[in-house]
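Participant: Sharing query_19.pdb here; it has PDB, C-alpha atoms.
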```
ATOM      1  CA  MET A 484      31.785  94.555 159.296
ATOM      2  CA  LYS A 485      33.787  92.427 161.696
ATOM      3  CA  HIS A 486      31.968  91.689 164.933
ATOM      4  CA  GLN A 487      33.482  90.841 168.243
ATOM      5  CA  GLN A 488      32.922  87.172 168.969
ATOM      6  CA  LEU A 489      31.556  86.146 172.345
ATOM      7  CA  ALA A 490      34.096  83.510 173.444
ATOM      8  CA  GLY A 491      33.788  80.601 175.850
ATOM      9  CA  ALA A 492      30.005  80.528 175.835
ATOM     10  CA  SER A 493      27.651  77.662 176.548
ATOM     11  CA  VAL A 494      24.897  77.912 173.967
ATOM     12  CA  ASN A 495      21.345  76.680 174.414
ATOM     13  CA  PRO A 496      20.576  75.258 170.980
ATOM     14  CA  GLN A 497      16.829  75.846 171.311
ATOM     15  CA  ALA A 498      15.957  79.320 170.083
ATOM     16  CA  ASN A 499      13.666  81.730 171.886
ATOM     17  CA  VAL A 500      10.980  82.723 169.376
ATOM     18  CA  TYR A 501       8.891  85.757 170.307
ATOM     19  CA  PHE A 502       6.060  87.541 168.513
ATOM     20  CA  GLY A 503       5.659  84.884 165.844
ATOM     21  CA  GLY A 504       9.322  85.080 164.908
ATOM     22  CA  LYS A 505       9.698  88.868 164.796
ATOM     23  CA  CYS A 506      12.278  88.367 167.557
ATOM     24  CA  VAL A 507      14.523  85.291 167.677
ATOM     25  CA  SER A 508      17.328  84.821 170.187
ATOM     26  CA  HIS A 509      19.662  82.168 171.533
ATOM     27  CA  SER A 510      20.612  82.082 175.217
ATOM     28  CA  LEU A 511      24.253  82.005 176.279
ATOM     29  CA  SER A 512      25.848  81.386 179.662
ATOM     30  CA  TRP A 513      29.334  81.277 181.116
ATOM     31  CA  PRO A 514      30.866  79.266 183.953
ATOM     32  CA  ASP A 515      30.992  82.400 186.158
ATOM     33  CA  GLY A 516      27.197  82.721 185.915
ATOM     34  CA  THR A 517      27.131  85.479 183.303
ATOM     35  CA  LYS A 518      24.057  85.280 181.093
ATOM     36  CA  LYS A 519      23.536  86.936 177.732
ATOM     37  CA  SER A 520      21.490  86.313 174.652
ATOM     38  CA  VAL A 521      22.169  87.059 171.001
ATOM     39  CA  GLY A 522      19.193  87.905 168.887
ATOM     40  CA  VAL A 523      17.639  89.749 166.022
ATOM     41  CA  ILE A 524      14.424  91.749 165.722
ATOM     42  CA  LEU A 525      12.874  92.013 162.277
ATOM     43  CA  PRO A 526      10.880  95.061 161.137
ATOM     44  CA  SER A 527       8.087  95.584 163.656
ATOM     45  CA  THR A 528       7.144  97.551 166.761
ATOM     46  CA  LEU A 529       7.214  95.336 169.830
ATOM     47  CA  THR A 530       6.758  95.736 173.585
ATOM     48  CA  PHE A 531       9.062  93.756 175.850
ATOM     49  CA  SER A 532       8.857  93.182 179.582
ATOM     50  CA  THR A 533      11.952  92.639 181.674
ATOM     51  CA  GLY A 534      12.401  90.385 184.679
ATOM     52  CA  ALA A 535      15.992  91.220 185.575
ATOM     53  CA  PRO A 536      17.601  94.473 184.459
ATOM     54  CA  GLU A 537      19.159  94.201 181.017
ATOM     55  CA  THR A 538      21.404  96.092 178.671
ATOM     56  CA  MET A 539      20.731  95.909 174.949
ATOM     57  CA  GLU A 540      23.845  96.313 172.813
ATOM     58  CA  CYS A 541      23.406  96.910 169.095
ATOM     59  CA  VAL A 542      25.650  94.748 166.923
ATOM     60  CA  ALA A 543      24.294  95.661 163.482
ATOM     61  CA  GLY A 544      21.314  97.432 162.012
ATOM     62  CA  GLY A 545      19.456  99.538 164.533
ATOM     63  CA  CYS A 546      16.283 100.357 166.343
ATOM     64  CA  GLU A 547      14.426 103.098 168.127
ATOM     65  CA  TRP A 548      13.344 102.421 171.685
ATOM     66  CA  ARG A 549      11.539 104.069 174.588
ATOM     67  CA  MET A 550      10.393 103.071 178.033
ATOM     68  CA  ALA A 551       6.676 102.369 178.326
ATOM     69  CA  GLY A 552       4.908 105.691 178.785
ATOM     70  CA  ALA A 553       7.754 107.767 177.363
ATOM     71  CA  GLU A 554       7.022 109.989 174.407
ATOM     72  CA  THR A 555      10.371 110.233 172.720
ATOM     73  CA  TRP A 556      11.981 107.465 170.730
ATOM     74  CA  GLN A 557      15.745 107.145 171.076
ATOM     75  CA  ARG A 558      17.931 105.775 168.327
ATOM     76  CA  SER A 559      20.330 102.890 168.976
ATOM     77  CA  GLY A 560      22.799 101.897 166.255
ATOM     78  CA  PRO A 561      25.887  99.694 165.978
ATOM     79  CA  GLY A 562      28.029  99.999 169.097
ATOM     80  CA  ASP A 563      25.286 101.755 171.077
ATOM     81  CA  SER A 564      23.743 100.276 174.211
ATOM     82  CA  PHE A 565      20.780 101.113 176.370
ATOM     83  CA  SER A 566      19.804  99.760 179.776
ATOM     84  CA  VAL A 567      16.372  98.850 181.060
ATOM     85  CA  PRO A 568      15.509  98.256 184.733
ATOM     86  CA  GLY A 569      13.990  95.002 185.947
ATOM     87  CA  ASN A 570      10.209  94.524 186.021
ATOM     88  CA  ALA A 571       9.756  97.206 183.399
ATOM     89  CA  SER A 572       8.373  97.479 179.876
ATOM     90  CA  PHE A 573       9.939  99.058 176.853
ATOM     91  CA  GLU A 574       9.079  99.400 173.194
ATOM     92  CA  ILE A 575      11.358  98.744 170.259
ATOM     93  CA  ARG A 576      10.619 100.008 166.755
ATOM     94  CA  VAL A 577      12.661  98.405 163.992
ATOM     95  CA  SER A 578      12.661  99.281 160.314
ATOM     96  CA  GLU A 579      15.729  97.239 159.365
ATOM     97  CA  ALA A 580      16.926  94.116 161.176
ATOM     98  CA  TYR A 581      18.249  94.982 164.638
ATOM     99  CA  HIS A 582      20.984  92.576 165.757
ATOM    100  CA  TYR A 583      21.724  92.707 169.457
ATOM    101  CA  VAL A 584      23.452  91.224 172.445
ATOM    102  CA  CYS A 585      21.273  91.314 175.560
ATOM    103  CA  HIS A 586      23.331  91.450 178.758
ATOM    104  CA  LEU A 587      21.249  90.175 181.665
ATOM    105  CA  GLY A 588      21.463  91.103 185.333
TER
ATOM    106  CA  MET B 282      12.835  69.425 177.863
ATOM    107  CA  LYS B 283      16.451  69.840 178.844
ATOM    108  CA  HIS B 284      18.774  70.445 175.933
ATOM    109  CA  GLN B 285      22.438  69.717 175.773
ATOM    110  CA  GLN B 286      24.370  72.955 175.891
ATOM    111  CA  LEU B 287      27.123  73.580 173.363
ATOM    112  CA  ALA B 288      30.048  74.542 175.594
ATOM    113  CA  GLY B 289      33.151  76.612 174.904
ATOM    114  CA  ALA B 290      31.790  78.255 171.776
ATOM    115  CA  SER B 291      32.723  81.548 170.200
ATOM    116  CA  VAL B 292      29.462  83.120 169.101
ATOM    117  CA  ASN B 293      29.052  85.554 166.225
ATOM    118  CA  PRO B 294      26.498  87.989 167.637
ATOM    119  CA  GLN B 295      25.177  88.937 164.199
ATOM    120  CA  ALA B 296      22.382  86.579 163.185
ATOM    121  CA  ASN B 297      22.048  84.980 159.784
ATOM    122  CA  VAL B 298      18.573  85.859 158.510
ATOM    123  CA  TYR B 299      17.340  83.823 155.544
ATOM    124  CA  PHE B 300      14.075  83.900 153.623
ATOM    125  CA  GLY B 301      12.789  87.058 155.266
ATOM    126  CA  GLY B 302      13.268  85.610 158.714
ATOM    127  CA  LYS B 303      11.740  82.174 158.141
ATOM    128  CA  CYS B 304      15.189  80.852 159.070
ATOM    129  CA  VAL B 305      17.381  82.571 161.658
ATOM    130  CA  SER B 306      20.684  81.185 162.886
ATOM    131  CA  HIS B 307      23.757  82.193 164.855
ATOM    132  CA  SER B 308      27.212  80.931 163.862
ATOM    133  CA  LEU B 309      29.453  79.225 166.396
ATOM    134  CA  SER B 310      33.112  78.247 166.233
ATOM    135  CA  TRP B 311      35.646  76.530 168.443
ATOM    136  CA  PRO B 312      39.406  76.928 168.837
ATOM    137  CA  ASP B 313      39.988  73.576 167.057
ATOM    138  CA  GLY B 314      38.264  74.920 163.950
ATOM    139  CA  THR B 315      34.917  73.207 164.476
ATOM    140  CA  LYS B 316      32.043  75.223 163.050
ATOM    141  CA  LYS B 317      28.351  74.852 163.823
ATOM    142  CA  SER B 318      25.300  77.024 163.798
ATOM    143  CA  VAL B 319      22.201  77.022 165.966
ATOM    144  CA  GLY B 320      18.991  78.042 164.307
ATOM    145  CA  VAL B 321      15.272  77.816 163.939
ATOM    146  CA  ILE B 322      13.036  77.468 160.896
ATOM    147  CA  LEU B 323       9.481  78.761 161.235
ATOM    148  CA  PRO B 324       6.541  77.203 159.348
ATOM    149  CA  SER B 325       7.412  77.262 155.644
ATOM    150  CA  THR B 326       8.845  75.154 152.845
ATOM    151  CA  LEU B 327      12.359  76.289 151.960
ATOM    152  CA  THR B 328      15.154  75.181 149.648
ATOM    153  CA  PHE B 329      18.709  75.381 150.967
ATOM    154  CA  SER B 330      21.989  75.003 149.112
ATOM    155  CA  THR B 331      25.089  73.671 150.806
ATOM    156  CA  GLY B 332      28.694  74.674 150.285
ATOM    157  CA  ALA B 333      30.388  72.226 152.607
ATOM    158  CA  PRO B 334      28.688  69.003 153.698
ATOM    159  CA  GLU B 335      26.504  69.483 156.737
ATOM    160  CA  THR B 336      24.560  67.492 159.280
ATOM    161  CA  MET B 337      21.287  68.880 160.591
ATOM    162  CA  GLU B 338      20.461  67.772 164.128
ATOM    163  CA  CYS B 339      16.955  68.377 165.422
ATOM    164  CA  VAL B 340      16.872  69.889 168.902
ATOM    165  CA  ALA B 341      13.126  70.518 169.236
ATOM    166  CA  GLY B 342      10.071  70.608 167.015
ATOM    167  CA  GLY B 343      10.617  68.875 163.706
ATOM    168  CA  CYS B 344      10.650  69.026 159.952
ATOM    169  CA  GLU B 345      10.341  66.958 156.848
ATOM    170  CA  TRP B 346      13.191  67.090 154.372
ATOM    171  CA  ARG B 347      14.264  65.672 151.019
ATOM    172  CA  MET B 348      17.149  66.136 148.645
ATOM    173  CA  ALA B 349      16.327  68.218 145.562
ATOM    174  CA  GLY B 350      14.696  65.932 143.017
ATOM    175  CA  ALA B 351      13.678  63.301 145.558
ATOM    176  CA  GLU B 352      10.020  62.416 145.828
ATOM    177  CA  THR B 353       9.733  61.239 149.377
ATOM    178  CA  TRP B 354       9.798  63.496 152.413
ATOM    179  CA  GLN B 355      11.583  62.143 155.465
ATOM    180  CA  ARG B 356      10.647  63.120 158.990
ATOM    181  CA  SER B 357      13.264  64.479 161.408
ATOM    182  CA  GLY B 358      12.302  64.991 165.041
ATOM    183  CA  PRO B 359      14.100  65.694 168.322
ATOM    184  CA  GLY B 360      17.353  63.762 168.511
ATOM    185  CA  ASP B 361      17.287  62.864 164.803
ATOM    186  CA  SER B 362      19.959  64.013 162.353
ATOM    187  CA  PHE B 363      20.340  63.970 158.607
ATOM    188  CA  SER B 364      23.380  64.689 156.467
ATOM    189  CA  VAL B 365      23.592  66.571 153.210
ATOM    190  CA  PRO B 366      26.592  66.520 150.847
ATOM    191  CA  GLY B 367      28.403  69.676 149.806
ATOM    192  CA  ASN B 368      27.285  71.638 146.756
ATOM    193  CA  ALA B 369      23.817  70.164 146.966
ATOM    194  CA  SER B 370      20.268  71.384 147.476
ATOM    195  CA  PHE B 371      17.665  70.130 149.852
ATOM    196  CA  GLU B 372      14.161  71.109 150.837
ATOM    197  CA  ILE B 373      12.806  71.490 154.332
ATOM    198  CA  ARG B 374       9.097  71.583 155.121
ATOM    199  CA  VAL B 375       8.176  72.823 158.581
ATOM    200  CA  SER B 376       4.751  73.004 160.170
ATOM    201  CA  GLU B 377       5.910  73.748 163.700
ATOM    202  CA  ALA B 378       9.157  75.506 164.611
ATOM    203  CA  TYR B 379      12.171  73.332 163.801
ATOM    204  CA  HIS B 380      15.104  74.023 166.137
ATOM    205  CA  TYR B 381      18.396  72.676 164.908
ATOM    206  CA  VAL B 382      22.137  72.480 165.275
ATOM    207  CA  CYS B 383      23.903  72.511 161.908
ATOM    208  CA  HIS B 384      27.267  70.724 162.027
ATOM    209  CA  LEU B 385      29.465  71.964 159.194
ATOM    210  CA  GLY B 386      32.206  70.123 157.363
TER
END
```
If you took the structure in this file and wrote it as structure tokens, what would it be?
Facilitator:
Amino acid sequence: MKHQQLAGASVNPQANVYFGGKCVSHSLSWPDGTKKSVGVILPSTLTFSTGAPETMECVAGGCEWRMAGAETWQRSGPGDSFSVPGNASFEIRVSEAYHYVCHLG
Amino acid sequence: MKHQQLAGASVNPQANVYFGGKCVSHSLSWPDGTKKSVGVILPSTLTFSTGAPETMECVAGGCEWRMAGAETWQRSGPGDSFSVPGNASFEIRVSEAYHYVCHLG
């Protein structure tokens, strides 16, 4: 599968390692102030908390996700996105590697 | 610690996941053909094989490394680099997360 490259990025070479390595991402920024990260979540069920609102775009693999307190899991596969408000919590359940772009703000 | 950003990169949003996630990297390229990757190795001892020659630059954390068949481990910490020829194997031993930039070619 051919993925769209994210061009013109400034890359922070130090990875963000969460949950003992179940989630690893690298932070990207652009001269106009845009911030994203590219990451992967390995098989696990994890709870994330947001500061700013964010949109999670699936690049490969997939996940199920739900807002904290929600009952129903929603599927997100390649090309799908879901948005989470700021200062919120959501759960991600991954059974194959979930590759994502996180769009911040 | 403030890290030097890698500017003007095209980022492949799909991660490279090696050894069950003990090594995760993202591939970067530039319009002039330069190729690098940014990655992290979690605590483990791993053997890597090179295609092209590569230089491993430590961004944070550290590792010990040796060429296949060598007896002595060499330490590589923040700001250190080591180079490996193409079509070769080397071992990396990590006891804390080793964040790196891999310069290819």
Participant: Give the residues of chain B that lie within 8 Å of chain A; count all atoms listed in the file, and format the answer as an NGL selection string.
Facilitator: :B and (284-296 or 302-303 or 305 or 307 or 319-321 or 323 or 340-341 or 380-382)
Participant: Neighbouring residues of region 367-369 of chain B were defined as those with any atom within 6 Å, considering only C-alpha atoms; residues of the same chain fewer than 6 positions away were excluded. Please report them as a PyMOL selection string.
Facilitator: chain B and resi 330-334
Participant: Any chance you could fit chain A onto chain B with least squares, all Cα atoms in order, and share the moved copy as a PDB file with C-alpha atoms, in the frame of the given file?
Facilitator:
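Written out: out35.pdb:
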```
ATOM      1  CA  MET A 484      12.817  69.449 177.812  1.00  0.00           C
ATOM      2  CA  LYS A 485      16.430  69.867 178.847  1.00  0.00           C
ATOM      3  CA  HIS A 486      18.775  70.445 175.932  1.00  0.00           C
ATOM      4  CA  GLN A 487      22.438  69.717 175.789  1.00  0.00           C
ATOM      5  CA  GLN A 488      24.363  72.970 175.898  1.00  0.00           C
ATOM      6  CA  LEU A 489      27.108  73.576 173.366  1.00  0.00           C
ATOM      7  CA  ALA A 490      30.042  74.545 175.616  1.00  0.00           C
ATOM      8  CA  GLY A 491      33.144  76.603 174.919  1.00  0.00           C
ATOM      9  CA  ALA A 492      31.788  78.241 171.790  1.00  0.00           C
ATOM     10  CA  SER A 493      32.717  81.541 170.205  1.00  0.00           C
ATOM     11  CA  VAL A 494      29.460  83.121 169.108  1.00  0.00           C
ATOM     12  CA  ASN A 495      29.054  85.558 166.239  1.00  0.00           C
ATOM     13  CA  PRO A 496      26.500  87.992 167.640  1.00  0.00           C
ATOM     14  CA  GLN A 497      25.171  88.949 164.203  1.00  0.00           C
ATOM     15  CA  ALA A 498      22.388  86.588 163.195  1.00  0.00           C
ATOM     16  CA  ASN A 499      22.059  84.975 159.790  1.00  0.00           C
ATOM     17  CA  VAL A 500      18.577  85.860 158.526  1.00  0.00           C
ATOM     18  CA  TYR A 501      17.335  83.840 155.558  1.00  0.00           C
ATOM     19  CA  PHE A 502      14.070  83.912 153.622  1.00  0.00           C
ATOM     20  CA  GLY A 503      12.801  87.078 155.269  1.00  0.00           C
ATOM     21  CA  GLY A 504      13.270  85.624 158.733  1.00  0.00           C
ATOM     22  CA  LYS A 505      11.741  82.187 158.140  1.00  0.00           C
ATOM     23  CA  CYS A 506      15.189  80.853 159.067  1.00  0.00           C
ATOM     24  CA  VAL A 507      17.381  82.578 161.662  1.00  0.00           C
ATOM     25  CA  SER A 508      20.689  81.187 162.891  1.00  0.00           C
ATOM     26  CA  HIS A 509      23.761  82.194 164.853  1.00  0.00           C
ATOM     27  CA  SER A 510      27.215  80.939 163.863  1.00  0.00           C
ATOM     28  CA  LEU A 511      29.455  79.225 166.399  1.00  0.00           C
ATOM     29  CA  SER A 512      33.113  78.245 166.230  1.00  0.00           C
ATOM     30  CA  TRP A 513      35.638  76.524 168.454  1.00  0.00           C
ATOM     31  CA  PRO A 514      39.396  76.924 168.853  1.00  0.00           C
ATOM     32  CA  ASP A 515      39.980  73.574 167.083  1.00  0.00           C
ATOM     33  CA  GLY A 516      38.265  74.930 163.955  1.00  0.00           C
ATOM     34  CA  THR A 517      34.917  73.212 164.479  1.00  0.00           C
ATOM     35  CA  LYS A 518      32.040  75.223 163.047  1.00  0.00           C
ATOM     36  CA  LYS A 519      28.360  74.846 163.838  1.00  0.00           C
ATOM     37  CA  SER A 520      25.306  77.022 163.798  1.00  0.00           C
ATOM     38  CA  VAL A 521      22.198  77.015 165.963  1.00  0.00           C
ATOM     39  CA  GLY A 522      19.002  78.048 164.301  1.00  0.00           C
ATOM     40  CA  VAL A 523      15.283  77.810 163.939  1.00  0.00           C
ATOM     41  CA  ILE A 524      13.034  77.473 160.897  1.00  0.00           C
ATOM     42  CA  LEU A 525       9.488  78.761 161.224  1.00  0.00           C
ATOM     43  CA  PRO A 526       6.547  77.215 159.345  1.00  0.00           C
ATOM     44  CA  SER A 527       7.417  77.278 155.649  1.00  0.00           C
ATOM     45  CA  THR A 528       8.847  75.162 152.843  1.00  0.00           C
ATOM     46  CA  LEU A 529      12.352  76.289 151.960  1.00  0.00           C
ATOM     47  CA  THR A 530      15.152  75.175 149.640  1.00  0.00           C
ATOM     48  CA  PHE A 531      18.700  75.373 150.955  1.00  0.00           C
ATOM     49  CA  SER A 532      21.977  75.012 149.102  1.00  0.00           C
ATOM     50  CA  THR A 533      25.072  73.670 150.797  1.00  0.00           C
ATOM     51  CA  GLY A 534      28.677  74.690 150.273  1.00  0.00           C
ATOM     52  CA  ALA A 535      30.382  72.242 152.617  1.00  0.00           C
ATOM     53  CA  PRO A 536      28.686  69.016 153.680  1.00  0.00           C
ATOM     54  CA  GLU A 537      26.494  69.481 156.734  1.00  0.00           C
ATOM     55  CA  THR A 538      24.568  67.493 159.275  1.00  0.00           C
ATOM     56  CA  MET A 539      21.295  68.878 160.583  1.00  0.00           C
ATOM     57  CA  GLU A 540      20.477  67.775 164.124  1.00  0.00           C
ATOM     58  CA  CYS A 541      16.968  68.380 165.427  1.00  0.00           C
ATOM     59  CA  VAL A 542      16.869  69.889 168.911  1.00  0.00           C
ATOM     60  CA  ALA A 543      13.128  70.528 169.233  1.00  0.00           C
ATOM     61  CA  GLY A 544      10.084  70.591 167.018  1.00  0.00           C
ATOM     62  CA  GLY A 545      10.637  68.882 163.699  1.00  0.00           C
ATOM     63  CA  CYS A 546      10.654  69.024 159.958  1.00  0.00           C
ATOM     64  CA  GLU A 547      10.330  66.947 156.839  1.00  0.00           C
ATOM     65  CA  TRP A 548      13.185  67.084 154.366  1.00  0.00           C
ATOM     66  CA  ARG A 549      14.267  65.656 151.021  1.00  0.00           C
ATOM     67  CA  MET A 550      17.138  66.128 148.631  1.00  0.00           C
ATOM     68  CA  ALA A 551      16.323  68.210 145.566  1.00  0.00           C
ATOM     69  CA  GLY A 552      14.685  65.925 143.023  1.00  0.00           C
ATOM     70  CA  ALA A 553      13.671  63.291 145.566  1.00  0.00           C
ATOM     71  CA  GLU A 554      10.017  62.404 145.839  1.00  0.00           C
ATOM     72  CA  THR A 555       9.726  61.230 149.396  1.00  0.00           C
ATOM     73  CA  TRP A 556       9.800  63.485 152.416  1.00  0.00           C
ATOM     74  CA  GLN A 557      11.589  62.115 155.468  1.00  0.00           C
ATOM     75  CA  ARG A 558      10.659  63.103 158.985  1.00  0.00           C
ATOM     76  CA  SER A 559      13.269  64.463 161.401  1.00  0.00           C
ATOM     77  CA  GLY A 560      12.309  64.996 165.045  1.00  0.00           C
ATOM     78  CA  PRO A 561      14.114  65.710 168.316  1.00  0.00           C
ATOM     79  CA  GLY A 562      17.367  63.762 168.498  1.00  0.00           C
ATOM     80  CA  ASP A 563      17.293  62.864 164.794  1.00  0.00           C
ATOM     81  CA  SER A 564      19.961  64.000 162.348  1.00  0.00           C
ATOM     82  CA  PHE A 565      20.338  63.950 158.607  1.00  0.00           C
ATOM     83  CA  SER A 566      23.385  64.672 156.468  1.00  0.00           C
ATOM     84  CA  VAL A 567      23.587  66.565 153.208  1.00  0.00           C
ATOM     85  CA  PRO A 568      26.584  66.510 150.840  1.00  0.00           C
ATOM     86  CA  GLY A 569      28.395  69.674 149.805  1.00  0.00           C
ATOM     87  CA  ASN A 570      27.282  71.642 146.736  1.00  0.00           C
ATOM     88  CA  ALA A 571      23.817  70.153 146.961  1.00  0.00           C
ATOM     89  CA  SER A 572      20.263  71.384 147.464  1.00  0.00           C
ATOM     90  CA  PHE A 573      17.655  70.122 149.849  1.00  0.00           C
ATOM     91  CA  GLU A 574      14.148  71.110 150.837  1.00  0.00           C
ATOM     92  CA  ILE A 575      12.801  71.482 154.342  1.00  0.00           C
ATOM     93  CA  ARG A 576       9.085  71.575 155.120  1.00  0.00           C
ATOM     94  CA  VAL A 577       8.188  72.830 158.583  1.00  0.00           C
ATOM     95  CA  SER A 578       4.756  72.999 160.162  1.00  0.00           C
ATOM     96  CA  GLU A 579       5.927  73.750 163.704  1.00  0.00           C
ATOM     97  CA  ALA A 580       9.169  75.522 164.609  1.00  0.00           C
ATOM     98  CA  TYR A 581      12.178  73.337 163.797  1.00  0.00           C
ATOM     99  CA  HIS A 582      15.103  74.019 166.141  1.00  0.00           C
ATOM    100  CA  TYR A 583      18.404  72.658 164.914  1.00  0.00           C
ATOM    101  CA  VAL A 584      22.140  72.477 165.268  1.00  0.00           C
ATOM    102  CA  CYS A 585      23.909  72.512 161.902  1.00  0.00           C
ATOM    103  CA  HIS A 586      27.267  70.727 162.019  1.00  0.00           C
ATOM    104  CA  LEU A 587      29.465  71.966 159.182  1.00  0.00           C
ATOM    105  CA  GLY A 588      32.217  70.135 157.329  1.00  0.00           C
TER     106      GLY A 588
END
```
Participant: Using CA of Thr530 (chain A) and CA of Gly560 (chain A) as the two end points, give the distance in Å to one decimal.
Facilitator: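 Spanning CA of Thr530 (chain A) to CA of Gly560 (chain A) is a straight-line distance of 18.7 Å.
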Participant: Tell me, as an MDAnalysis selection string, which residues lie within 9 Å of Trp556 (chain A), counting only C-alpha atoms; anything in the same chain fewer than 6 positions away does not count.
Facilitator: chainID A and resid 547:550 574:576
Participant: If you take every atom of region 350-368 of chain B that the file lists and fit an axis-aligned box around them with 6 Å extra on each side, what centre and edge lengths come out in Å to one decimal, as JSON?
Facilitator:
```
{"center_x": 19.1, "center_y": 66.4, "center_z": 155.8, "size_x": 30.7, "size_y": 22.4, "size_z": 37.5}
```
Participant: List the neighbours of Glu537 (chain A) out to 8 Å using only C-alpha atoms; skip same-chain residues closer than 6 positions along the sequence, and give me the result as a list in words.
Facilitator: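 These residues fall inside the cut-off: Ser566, Val567, Pro568, Gly569, Cys585, His586, Leu587 and Gly588 of chain A.
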Participant: Report, in Å to a single decimal, how far apart CA of Glu377 (chain B) and CA of Pro324 (chain B) are.
Facilitator: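 Distance reported for this atom pair: 5.6 Å.
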Participant: Given the choices A:Phe573, A:Phe565, A:Thr517, A:Met539, which gets closest to Ala553 (chain A) if the distance is worked out from only C-alpha atoms?
Facilitator: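 Among A:Phe573, A:Phe565, A:Thr517, A:Met539, it is A:Phe573 that comes nearest to Ala553 (chain A).
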Participant: Would you work out the distance separating CA of Thr538 (chain A) from CA of Ser559 (chain A), expressed in Å to one decimal?
Facilitator: 11.9 Å
Participant: So which one's closest to Ala551 (chain A), A:Gly516, A:Ser527, A:Val577, A:Ser572? Using all atoms listed in the file, please.
Facilitator: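 Once distances to Ala551 (chain A) are computed over all atoms listed in the file, the minimum belongs to A:Ser572.
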Participant: From the list A:Asp563, A:Tyr501, A:Phe531, A:Asp515, which residue is nearest Cys546 (chain A) when using all atoms listed in the file?
Facilitator: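 Answer, going by the shortest atom-to-atom distance: A:Asp563.
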